[in-house]
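upload_10.pdb (PDB, C-alpha atoms)
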ATOM      1  CA  MET A   1      29.412  13.729  -7.412
ATOM      2  CA  SER A   2      29.511  13.972  -3.624
ATOM      3  CA  HIS A   3      27.882  11.433  -1.335
ATOM      4  CA  ALA A   4      25.450  14.134  -0.175
ATOM      5  CA  PHE A   5      24.029  14.275  -3.718
ATOM      6  CA  TYR A   6      23.049  10.582  -3.609
ATOM      7  CA  VAL A   7      21.569  10.891  -0.099
ATOM      8  CA  TYR A   8      19.483  13.972  -0.929
ATOM      9  CA  ALA A   9      18.411  12.538  -4.290
ATOM     10  CA  SER A  10      17.171   9.372  -2.516
ATOM     11  CA  TYR A  11      15.146  11.341   0.023
ATOM     12  CA  ILE A  12      13.732  13.676  -2.650
ATOM     13  CA  VAL A  13      12.629  10.723  -4.817
ATOM     14  CA  THR A  14      11.026   9.058  -1.763
ATOM     15  CA  VAL A  15       9.175  12.263  -0.830
ATOM     16  CA  ILE A  16       7.922  12.728  -4.409
ATOM     17  CA  ILE A  17       6.620   9.151  -4.751
ATOM     18  CA  ILE A  18       5.017   9.068  -1.275
ATOM     19  CA  GLY A  19       3.594  12.558  -1.957
ATOM     20  CA  CYS A  20       1.986  11.232  -5.156
ATOM     21  CA  LEU A  21       0.486   8.232  -3.309
ATOM     22  CA  VAL A  22      -0.869  10.397  -0.454
ATOM     23  CA  GLY A  23      -2.135  13.108  -2.829
ATOM     24  CA  TRP A  24      -3.837  10.622  -5.124
ATOM     25  CA  THR A  25      -5.539   8.825  -2.204
ATOM     26  CA  TRP A  26      -6.636  12.137  -0.668
ATOM     27  CA  LEU A  27      -7.988  13.674  -3.896
ATOM     28  CA  ASP A  28      -9.669  10.412  -4.951
ATOM     29  CA  GLY A  29     -11.484  10.241  -1.584
ATOM     30  CA  ARG A  30     -12.647  13.854  -1.829
ATOM     31  CA  ALA A  31     -13.884  13.404  -5.404
ATOM     32  CA  ARG A  32     -15.852  10.220  -4.528
ATOM     33  CA  GLN A  33     -17.457  11.831  -1.449
ATOM     34  CA  GLN A  34     -18.427  14.815  -3.595
ATOM     35  CA  GLU A  35     -20.028  12.484  -6.173
ATOM     36  CA  LEU A  36     -22.029  10.723  -3.461
ATOM     37  CA  ARG A  37     -23.222  14.053  -2.060
ATOM     38  CA  THR A  38     -24.300  15.182  -5.547
ATOM     39  CA  LEU A  39     -26.237  11.928  -6.071
ATOM     40  CA  GLU A  40     -27.875  12.233  -2.677
ATOM     41  CA  ALA A  41     -28.821  15.850  -3.348
ATOM     42  CA  SER A  42     -30.608  14.735  -6.508
ATOM     43  CA  GLY A  43     -32.660  12.280  -4.445
ATOM     44  CA  ILE A  44     -30.804   9.043  -5.231
ATOM     45  CA  ARG A  45     -30.053   7.087  -2.061
ATOM     46  CA  ARG A  46     -28.902   3.611  -1.241
ATOM     47  CA  ARG A  47     -31.829   1.241  -0.825
ATOM     48  CA  SER A  48     -30.699   0.514   2.747
ATOM     49  CA  ALA A  49     -30.532   4.217   3.691
ATOM     50  CA  LYS A  50     -33.838   5.517   5.038
ATOM     51  CA  PRO A  51     -34.893   8.886   3.633
ATOM     52  CA  ALA A  52     -35.099  11.566   6.333
ATOM     53  CA  ASP A  53     -38.899  12.061   5.977
ATOM     54  CA  GLU A  54     -39.813   8.359   6.219
ATOM     55  CA  THR A  55     -38.234   7.388   9.505
ATOM     56  CA  LYS A  56     -41.577   6.748  11.240
ATOM     57  CA  SER A  57     -43.076   3.796   9.444
TER      58      SER A  57
ATOM     59  CA  MET B   1     -26.813  -7.467  18.694
ATOM     60  CA  SER B   2     -29.522  -6.073  16.474
ATOM     61  CA  GLU B   3     -29.197  -6.368  12.713
ATOM     62  CA  ASN B   4     -29.000  -2.614  12.236
ATOM     63  CA  SER B   5     -26.239  -2.000  14.761
ATOM     64  CA  LEU B   6     -22.946  -0.815  13.280
ATOM     65  CA  ALA B   7     -20.843  -1.935  16.242
ATOM     66  CA  ILE B   8     -17.935  -4.237  15.339
ATOM     67  CA  THR B   9     -17.699  -7.159  17.748
ATOM     68  CA  LYS B  10     -16.076  -9.806  15.590
ATOM     69  CA  PHE B  11     -13.801  -9.888  12.527
ATOM     70  CA  SER B  12     -16.529 -11.060  10.172
ATOM     71  CA  ASP B  13     -18.545  -7.921  10.992
ATOM     72  CA  LEU B  14     -15.999  -6.082   8.854
ATOM     73  CA  ALA B  15     -17.540  -7.819   5.852
ATOM     74  CA  ASN B  16     -20.243  -5.174   6.057
ATOM     75  CA  PRO B  17     -18.804  -2.238   4.070
ATOM     76  CA  THR B  18     -20.878   0.317   6.016
ATOM     77  CA  ARG B  19     -19.380  -0.899   9.301
ATOM     78  CA  PHE B  20     -15.943  -0.871   7.672
ATOM     79  CA  LEU B  21     -16.414   2.747   6.539
ATOM     80  CA  ALA B  22     -17.460   3.788  10.059
ATOM     81  CA  LEU B  23     -14.344   2.100  11.498
ATOM     82  CA  VAL B  24     -12.059   3.722   8.908
ATOM     83  CA  ALA B  25     -13.503   7.178   9.633
ATOM     84  CA  ARG B  26     -12.697   6.651  13.308
ATOM     85  CA  VAL B  27      -9.129   5.250  13.039
ATOM     86  CA  LEU B  28      -7.759   7.116  10.011
ATOM     87  CA  PRO B  29      -6.907  10.437  11.776
ATOM     88  CA  TRP B  30      -5.081   8.541  14.552
ATOM     89  CA  MET B  31      -3.125   6.453  12.068
ATOM     90  CA  ALA B  32      -2.164   9.520  10.022
ATOM     91  CA  GLY B  33      -0.976  11.274  13.190
ATOM     92  CA  THR B  34       1.033   8.220  14.299
ATOM     93  CA  THR B  35       2.649   8.028  10.843
ATOM     94  CA  ALA B  36       3.720  11.683  11.007
ATOM     95  CA  LEU B  37       5.173  11.291  14.526
ATOM     96  CA  LEU B  38       7.071   8.113  13.613
ATOM     97  CA  PHE B  39       8.525   9.729  10.487
ATOM     98  CA  ALA B  40       9.618  12.775  12.507
ATOM     99  CA  LEU B  41      11.321  10.525  15.070
ATOM    100  CA  GLY B  42      12.855   8.215  12.452
ATOM    101  CA  LEU B  43      14.256  11.072  10.362
ATOM    102  CA  TYR B  44      15.637  12.784  13.484
ATOM    103  CA  LEU B  45      17.388   9.579  14.616
ATOM    104  CA  GLY B  46      18.567   8.853  11.082
ATOM    105  CA  PHE B  47      20.197  12.228  10.553
ATOM    106  CA  ALA B  48      21.481  12.530  14.137
ATOM    107  CA  ALA B  49      23.330   9.195  13.828
ATOM    108  CA  GLU B  50      26.924   9.272  12.650
ATOM    109  CA  GLY B  51      27.951   8.195   9.157
ATOM    110  CA  ASP B  52      29.322   4.691   8.657
ATOM    111  CA  TYR B  53      33.131   4.260   8.831
ATOM    112  CA  GLN B  54      33.165   2.741   5.343
ATOM    113  CA  GLN B  55      30.043   4.072   3.627
ATOM    114  CA  GLY B  56      30.116   7.594   5.085
ATOM    115  CA  GLU B  57      26.949   9.630   4.610
ATOM    116  CA  THR B  58      25.421   7.258   2.059
ATOM    117  CA  VAL B  59      24.415   4.893   4.870
ATOM    118  CA  ARG B  60      21.442   7.247   5.391
ATOM    119  CA  ILE B  61      19.968   5.989   2.122
ATOM    120  CA  MET B  62      19.359   2.747   4.043
ATOM    121  CA  TYR B  63      16.634   4.421   6.157
ATOM    122  CA  VAL B  64      14.388   4.825   3.121
ATOM    123  CA  HIS B  65      15.669   2.014   0.887
ATOM    124  CA  VAL B  66      15.326  -0.892   3.329
ATOM    125  CA  PRO B  67      11.814  -0.032   4.683
ATOM    126  CA  ALA B  68      10.554   0.534   1.114
ATOM    127  CA  ALA B  69      11.969  -2.833   0.053
ATOM    128  CA  TRP B  70      10.374  -4.580   3.061
ATOM    129  CA  LEU B  71       7.052  -2.938   2.281
ATOM    130  CA  SER B  72       7.219  -3.949  -1.375
ATOM    131  CA  MET B  73       7.187  -7.571  -0.179
ATOM    132  CA  MET B  74       4.734  -7.061   2.689
ATOM    133  CA  CYS B  75       2.253  -5.339   0.384
ATOM    134  CA  TYR B  76       2.348  -8.318  -1.978
ATOM    135  CA  THR B  77       1.807 -10.626   1.003
ATOM    136  CA  VAL B  78      -1.263  -8.565   2.001
ATOM    137  CA  MET B  79      -2.510  -8.931  -1.584
ATOM    138  CA  ALA B  80      -1.924 -12.697  -1.514
ATOM    139  CA  ALA B  81      -3.890 -13.011   1.760
ATOM    140  CA  SER B  82      -6.668 -10.928   0.194
ATOM    141  CA  ALA B  83      -6.604 -13.143  -2.885
ATOM    142  CA  ILE B  84      -7.221 -16.172  -0.648
ATOM    143  CA  GLY B  85     -10.065 -14.201   0.979
ATOM    144  CA  THR B  86     -11.570 -13.605  -2.461
ATOM    145  CA  LEU B  87     -11.243 -17.173  -3.729
ATOM    146  CA  VAL B  88     -12.026 -19.123  -0.537
ATOM    147  CA  TRP B  89     -14.413 -17.012   1.535
ATOM    148  CA  ARG B  90     -15.630 -14.553  -1.119
ATOM    149  CA  HIS B  91     -15.147 -11.854   1.470
ATOM    150  CA  PRO B  92     -16.639  -8.675  -0.014
ATOM    151  CA  LEU B  93     -13.725  -6.523   1.121
ATOM    152  CA  ALA B  94     -10.930  -8.925   0.113
ATOM    153  CA  ASP B  95     -11.121  -7.906  -3.525
ATOM    154  CA  VAL B  96     -11.241  -4.212  -2.565
ATOM    155  CA  SER B  97      -8.124  -4.778  -0.440
ATOM    156  CA  ALA B  98      -6.155  -6.558  -3.186
ATOM    157  CA  LYS B  99      -7.111  -4.023  -5.842
ATOM    158  CA  THR B 100      -6.183  -0.963  -3.779
ATOM    159  CA  ALA B 101      -2.909  -2.410  -2.446
ATOM    160  CA  ALA B 102      -1.391  -2.869  -5.925
ATOM    161  CA  PRO B 103      -0.659   0.821  -6.732
ATOM    162  CA  LEU B 104       0.777   1.296  -3.228
ATOM    163  CA  GLY B 105       3.012  -1.754  -3.693
ATOM    164  CA  ALA B 106       4.170  -0.447  -7.068
ATOM    165  CA  GLY B 107       5.016   2.922  -5.452
ATOM    166  CA  PHE B 108       7.080   1.393  -2.651
ATOM    167  CA  THR B 109       8.854  -0.989  -5.046
ATOM    168  CA  LEU B 110       9.743   1.973  -7.264
ATOM    169  CA  ILE B 111      11.198   3.781  -4.215
ATOM    170  CA  ALA B 112      13.277   0.677  -3.368
ATOM    171  CA  LEU B 113      14.559   0.394  -6.960
ATOM    172  CA  ILE B 114      15.473   4.068  -7.399
ATOM    173  CA  THR B 115      17.050   4.553  -3.956
ATOM    174  CA  GLY B 116      18.910   1.254  -4.422
ATOM    175  CA  SER B 117      20.293   2.550  -7.681
ATOM    176  CA  LEU B 118      21.305   5.830  -6.035
ATOM    177  CA  TRP B 119      23.057   3.828  -3.303
ATOM    178  CA  GLY B 120      24.680   1.441  -5.776
ATOM    179  CA  LYS B 121      26.408   4.129  -7.832
ATOM    180  CA  PRO B 122      28.657   5.504  -5.039
ATOM    181  CA  MET B 123      29.123   2.136  -3.237
ATOM    182  CA  TRP B 124      29.339  -0.408  -6.060
ATOM    183  CA  GLY B 125      30.351   1.939  -8.875
ATOM    184  CA  THR B 126      27.297   1.082 -10.949
ATOM    185  CA  TRP B 127      23.631   2.155 -11.070
ATOM    186  CA  TRP B 128      22.338  -1.306 -11.918
ATOM    187  CA  VAL B 129      23.402  -4.940 -12.328
ATOM    188  CA  TRP B 130      21.225  -7.853 -13.389
ATOM    189  CA  ASP B 131      21.944  -9.884 -10.256
ATOM    190  CA  ALA B 132      19.301 -12.114  -8.663
ATOM    191  CA  ARG B 133      18.078  -9.631  -6.022
ATOM    192  CA  LEU B 134      17.784  -6.610  -8.300
ATOM    193  CA  THR B 135      16.216  -8.602 -11.119
ATOM    194  CA  SER B 136      13.642 -10.320  -8.877
ATOM    195  CA  VAL B 137      12.594  -6.968  -7.349
ATOM    196  CA  PHE B 138      12.302  -5.516 -10.856
ATOM    197  CA  VAL B 139      10.074  -8.479 -11.779
ATOM    198  CA  LEU B 140       7.958  -7.701  -8.673
ATOM    199  CA  PHE B 141       7.545  -4.117  -9.915
ATOM    200  CA  LEU B 142       6.430  -5.366 -13.339
ATOM    201  CA  MET B 143       3.982  -7.760 -11.638
ATOM    202  CA  TYR B 144       2.394  -4.903  -9.712
ATOM    203  CA  LEU B 145       1.954  -2.958 -12.966
ATOM    204  CA  GLY B 146       0.534  -6.049 -14.686
ATOM    205  CA  LEU B 147      -1.949  -6.648 -11.856
ATOM    206  CA  ILE B 148      -3.079  -3.002 -11.917
ATOM    207  CA  ALA B 149      -3.607  -3.216 -15.691
ATOM    208  CA  LEU B 150      -5.384  -6.589 -15.522
ATOM    209  CA  ASN B 151      -7.790  -5.483 -12.795
ATOM    210  CA  ARG B 152      -8.744  -2.327 -14.658
ATOM    211  CA  ALA B 153      -9.046  -4.066 -18.020
ATOM    212  CA  MET B 154     -12.242  -5.903 -17.004
ATOM    213  CA  ASP B 155     -15.584  -4.150 -16.539
ATOM    214  CA  ASP B 156     -17.136  -6.757 -14.260
ATOM    215  CA  PRO B 157     -15.549  -6.248 -10.786
ATOM    216  CA  SER B 158     -16.267  -9.773  -9.529
ATOM    217  CA  LYS B 159     -14.679 -11.378 -12.600
ATOM    218  CA  ALA B 160     -11.703  -9.003 -12.385
ATOM    219  CA  ALA B 161     -11.358  -9.930  -8.699
ATOM    220  CA  ARG B 162     -11.247 -13.680  -9.334
ATOM    221  CA  VAL B 163      -8.816 -13.505 -12.279
ATOM    222  CA  SER B 164      -6.536 -11.086 -10.403
ATOM    223  CA  ALA B 165      -6.632 -13.278  -7.283
ATOM    224  CA  VAL B 166      -5.362 -16.289  -9.241
ATOM    225  CA  LEU B 167      -2.557 -14.262 -10.806
ATOM    226  CA  ILE B 168      -1.603 -12.741  -7.411
ATOM    227  CA  LEU B 169      -1.272 -16.234  -5.901
ATOM    228  CA  VAL B 170       0.790 -17.501  -8.848
ATOM    229  CA  GLY B 171       3.054 -14.454  -8.552
ATOM    230  CA  PHE B 172       3.551 -15.005  -4.827
ATOM    231  CA  VAL B 173       6.299 -17.504  -5.689
ATOM    232  CA  ASN B 174       8.481 -14.453  -6.380
ATOM    233  CA  ILE B 175       8.430 -13.285  -2.725
ATOM    234  CA  PRO B 176      10.606 -16.087  -1.250
ATOM    235  CA  ILE B 177      12.808 -15.809  -4.349
ATOM    236  CA  ILE B 178      13.410 -12.117  -3.558
ATOM    237  CA  LYS B 179      14.009 -12.820   0.132
ATOM    238  CA  PHE B 180      16.465 -15.690  -0.372
ATOM    239  CA  SER B 181      18.009 -14.582  -3.702
ATOM    240  CA  VAL B 182      20.996 -13.147  -1.829
ATOM    241  CA  GLU B 183      21.676 -16.548  -0.256
ATOM    242  CA  TRP B 184      20.879 -18.847  -3.169
ATOM    243  CA  TRP B 185      22.926 -16.972  -5.742
ATOM    244  CA  ASN B 186      26.124 -14.992  -5.771
ATOM    245  CA  THR B 187      24.828 -11.421  -5.860
ATOM    246  CA  LEU B 188      26.405  -7.982  -5.768
ATOM    247  CA  HIS B 189      23.623  -7.073  -3.325
ATOM    248  CA  GLN B 190      24.592  -7.805   0.281
ATOM    249  CA  PRO B 191      22.911 -10.670   2.199
ATOM    250  CA  ALA B 192      20.351  -9.998   4.957
ATOM    251  CA  SER B 193      21.738  -8.101   7.947
ATOM    252  CA  VAL B 194      18.606  -7.447  10.042
ATOM    253  CA  VAL B 195      16.204 -10.402   9.716
ATOM    254  CA  ARG B 196      18.631 -13.303  10.320
ATOM    255  CA  LEU B 197      18.491 -16.414  12.451
ATOM    256  CA  ASP B 198      21.559 -15.291  14.421
ATOM    257  CA  GLY B 199      20.228 -11.765  15.034
ATOM    258  CA  PRO B 200      20.974  -8.431  13.363
ATOM    259  CA  THR B 201      24.595  -7.821  12.383
ATOM    260  CA  ILE B 202      24.355  -4.062  12.031
ATOM    261  CA  ASP B 203      25.345  -1.640  14.767
ATOM    262  CA  PRO B 204      22.502  -0.477  17.102
ATOM    263  CA  GLU B 205      23.428   3.092  16.080
ATOM    264  CA  PHE B 206      22.016   2.307  12.609
ATOM    265  CA  LEU B 207      19.516  -0.335  13.653
ATOM    266  CA  ARG B 208      17.423   1.985  15.870
ATOM    267  CA  PRO B 209      16.563   4.606  13.219
ATOM    268  CA  LEU B 210      16.091   1.826  10.676
ATOM    269  CA  LEU B 211      13.496   0.049  12.819
ATOM    270  CA  VAL B 212      11.648   3.310  13.586
ATOM    271  CA  MET B 213      11.562   4.140   9.871
ATOM    272  CA  ALA B 214      10.380   0.607   9.070
ATOM    273  CA  VAL B 215       7.468   0.965  11.518
ATOM    274  CA  ALA B 216       6.728   4.465  10.118
ATOM    275  CA  PHE B 217       6.597   3.102   6.543
ATOM    276  CA  THR B 218       4.393   0.203   7.671
ATOM    277  CA  VAL B 219       1.884   2.473   9.452
ATOM    278  CA  LEU B 220       1.942   4.768   6.400
ATOM    279  CA  PHE B 221       1.119   1.803   4.177
ATOM    280  CA  PHE B 222      -1.844   0.700   6.306
ATOM    281  CA  THR B 223      -3.126   4.292   6.574
ATOM    282  CA  LEU B 224      -3.018   4.684   2.789
ATOM    283  CA  HIS B 225      -4.445   1.210   2.266
ATOM    284  CA  LEU B 226      -7.457   1.830   4.529
ATOM    285  CA  ALA B 227      -8.083   5.216   2.873
ATOM    286  CA  ALA B 228      -7.783   3.691  -0.609
ATOM    287  CA  MET B 229     -10.179   0.869   0.372
ATOM    288  CA  ARG B 230     -12.682   3.461   1.599
ATOM    289  CA  ASN B 231     -12.319   5.300  -1.738
ATOM    290  CA  GLU B 232     -12.898   2.094  -3.686
ATOM    291  CA  ILE B 233     -16.055   1.270  -1.676
ATOM    292  CA  LEU B 234     -17.356   4.794  -2.315
ATOM    293  CA  ARG B 235     -16.505   4.443  -6.023
ATOM    294  CA  ARG B 236     -18.562   1.230  -6.215
ATOM    295  CA  ARG B 237     -21.455   2.899  -4.381
ATOM    296  CA  VAL B 238     -21.411   5.817  -6.808
ATOM    297  CA  SER B 239     -21.540   3.506  -9.831
ATOM    298  CA  ALA B 240     -24.303   1.368  -8.214
ATOM    299  CA  GLN B 241     -26.373   4.471  -7.491
ATOM    300  CA  ARG B 242     -25.838   5.798 -11.009
ATOM    301  CA  ARG B 243     -27.166   2.511 -12.384
ATOM    302  CA  LEU B 244     -30.144   2.796 -10.035
ATOM    303  CA  ALA B 245     -30.751   6.368 -11.237
ATOM    304  CA  ALA B 246     -30.600   5.194 -14.856
ATOM    305  CA  ARG B 247     -33.168   2.461 -14.133
ATOM    306  CA  MET B 248     -35.477   4.904 -12.385
ATOM    307  CA  ALA B 249     -35.189   7.323 -15.311
ATOM    308  CA  ALA B 250     -35.947   4.512 -17.779
ATOM    309  CA  ARG B 251     -39.051   3.494 -15.793
ATOM    310  CA  GLU B 252     -40.377   7.038 -15.707
ATOM    311  CA  ALA B 253     -39.823   7.576 -19.424
TER     312      ALA B 253
END
The structure in this file should be written as structure tokens.
Amino acid sequence: MSHAFYVYASYIVTVIIIGCLVGWTWLDGRARQQELRTLEASGIRRRSAKPADETKS
Amino acid sequence: MSENSLAITKFSDLANPTRFLALVARVLPWMAGTTALLFALGLYLGFAAEGDYQQGETVRIMYVHVPAAWLSMMCYTVMAASAIGTLVWRHPLADVSAKTAAPLGAGFTLIALITGSLWGKPMWGTWWVWDARLTSVFVLFLMYLGLIALNRAMDDPSKAARVSAVLILVGFVNIPIIKFSVEWWNTLHQPASVVRLDGPTIDPEFLRPLLVMAVAFTVLFFTLHLAAMRNEILRRRVSAQRRLAARMAAREA
């Protein structure tokens, strides 16, 4: 096999693994933010977060 | 400074996850952009440089292999520092940092192992040898996998954090072994040629792209690490709020 094969194979493997890490981090973040939005929409908030209609108290 | 302010004026303010999330939201786009620019520059320099007089084109494997190998050790060092943060100061983000760094470390170690193998075949005539450097890096990879499994095997996050932190610190002994394995033992792997007391021994033609790629990989790691820490904090919030919802539902019933 030519040297080019080993060089390209190395770069392709690196791109695949880094792509998996980036993709997983990205999709995980989107899924968690979606879950938080769903919880908030159903009226469940963090105790420290003030509900929008109770700011004047 | 008022209690409710989210401004970060000292390092310990980062212990507040809400402040940390606000900081991450602000810096993440800049870090991602910097990573992309550095990779573009590093790859351009790497492929514009000439091949080595002995190794030919395969010297370009160095630009991904060496930074990945550096990062595999740096990531473990970040985890060890976080483990100290967990055990000594009980910093609320230290455990999040150690937990989220492990899969990234495993990824970069895997890159170093595979690209090393792909470099070894044309240069050494073999994909793999059980010499001290290769074996100790393989052990590091197994340790990352073990730490990921251990942390996820326990339901209680604070218990998982403490047990993992102890194991991370015990495993840290492997890092100097990896670094100095090429000097302590007779290995097929070459000794250090960049980080040496007497200065780098590789030609600036190869050193420049290598350093740019090393910085690019490092910024990539910290970008991914911050994003993964944010995800982990959000994951913990979701599970805390679900528990709260379950309690509220039980009270109403």
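Every protein or nucleic acid residue with an atom no more than 10 Å from Val22 in chain A, counting all atoms listed in the file and leaving out same-chain residues fewer than 6 positions away, appears here: Ile16 and Asp28 of chain A; Leu104, Leu220, Phe221, Thr223, Leu224, Ala227 and Ala228 of chain B.
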**Item:** Between CA of Met74 in chain B and CA of Arg208 in chain B - distance in Å to one decimal
**Value:**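 CA of Met74 in chain B lies at a distance of 20.4 Å from CA of Arg208 in chain B.
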**Request:** Determine which residues of chain A sit within 8 Å of chain B, taking into account all atoms listed in the file, and present them as a PyMOL selection string.
**Result:** chain A and resi 3-4+6-7+9-11+13-14+17-18+21-22+25-26+28-29+32-33+35-36+39+44-46
**Atomic distance CA of Ser72 in chain B - CA of Thr109 in chain B, expressed in Å with one decimal** = 5.0 Å
**Item:** Separation of CA of Ser82 in chain B from CA of Phe20 in chain B in Å
**Value:**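 Computed distance, CA of Phe20 in chain B to CA of Ser82 in chain B, equals 15.6 Å.
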**Request:** Name the residues captured by the PyMOL selection byres ((chain B and resi 42-44) around 9) when it is applied to the shown file; answer as number ranges by chain.
**Result:** B: 37-41, 45-49, 63, 208-214, 216
Could you dump the residues just selected with C-alpha atoms as a PDB file, in the frame of the given file?
ATOM      1  CA  LEU B  37       5.173  11.291  14.526  1.00  0.00           C
ATOM      2  CA  LEU B  38       7.071   8.113  13.613  1.00  0.00           C
ATOM      3  CA  PHE B  39       8.525   9.729  10.487  1.00  0.00           C
ATOM      4  CA  ALA B  40       9.618  12.775  12.507  1.00  0.00           C
ATOM      5  CA  LEU B  41      11.321  10.525  15.070  1.00  0.00           C
ATOM      6  CA  LEU B  45      17.388   9.579  14.616  1.00  0.00           C
ATOM      7  CA  GLY B  46      18.567   8.853  11.082  1.00  0.00           C
ATOM      8  CA  PHE B  47      20.197  12.228  10.553  1.00  0.00           C
ATOM      9  CA  ALA B  48      21.481  12.530  14.137  1.00  0.00           C
ATOM     10  CA  ALA B  49      23.330   9.195  13.828  1.00  0.00           C
ATOM     11  CA  TYR B  63      16.634   4.421   6.157  1.00  0.00           C
ATOM     12  CA  ARG B 208      17.423   1.985  15.870  1.00  0.00           C
ATOM     13  CA  PRO B 209      16.563   4.606  13.219  1.00  0.00           C
ATOM     14  CA  LEU B 210      16.091   1.826  10.676  1.00  0.00           C
ATOM     15  CA  LEU B 211      13.496   0.049  12.819  1.00  0.00           C
ATOM     16  CA  VAL B 212      11.648   3.310  13.586  1.00  0.00           C
ATOM     17  CA  MET B 213      11.562   4.140   9.871  1.00  0.00           C
ATOM     18  CA  ALA B 214      10.380   0.607   9.070  1.00  0.00           C
ATOM     19  CA  ALA B 216       6.728   4.465  10.118  1.00  0.00           C
TER      20      ALA B 216
END
**Message:** I need the output of the PyMOL selection byres ((chain B and resi 158-168) around 7) for this file as an MDAnalysis selection string; which residues are they?
**Reply:** chainID B and resid 80 83 86:87 95 147 150:151 154 156:157 169:172
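Residues matched by the PyMOL selection byres ((chain B and resi 181-189) around 9) in this file are Gly120, Trp124, Val129, Asp131, Ala132, Arg133, Leu134, Ser136, Pro176, Ile177, Ile178, Lys179, Phe180, Gln190, Pro191 and Ala192 of chain B.
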**Item:** Ile175 in chain B environment, 9 Å, only C-alpha atoms, sequence neighbours closer than 6 positions dropped, as a list in words
**Value:** Met73, Tyr76, Thr77, Ser136, Val137 and Leu140 of chain B
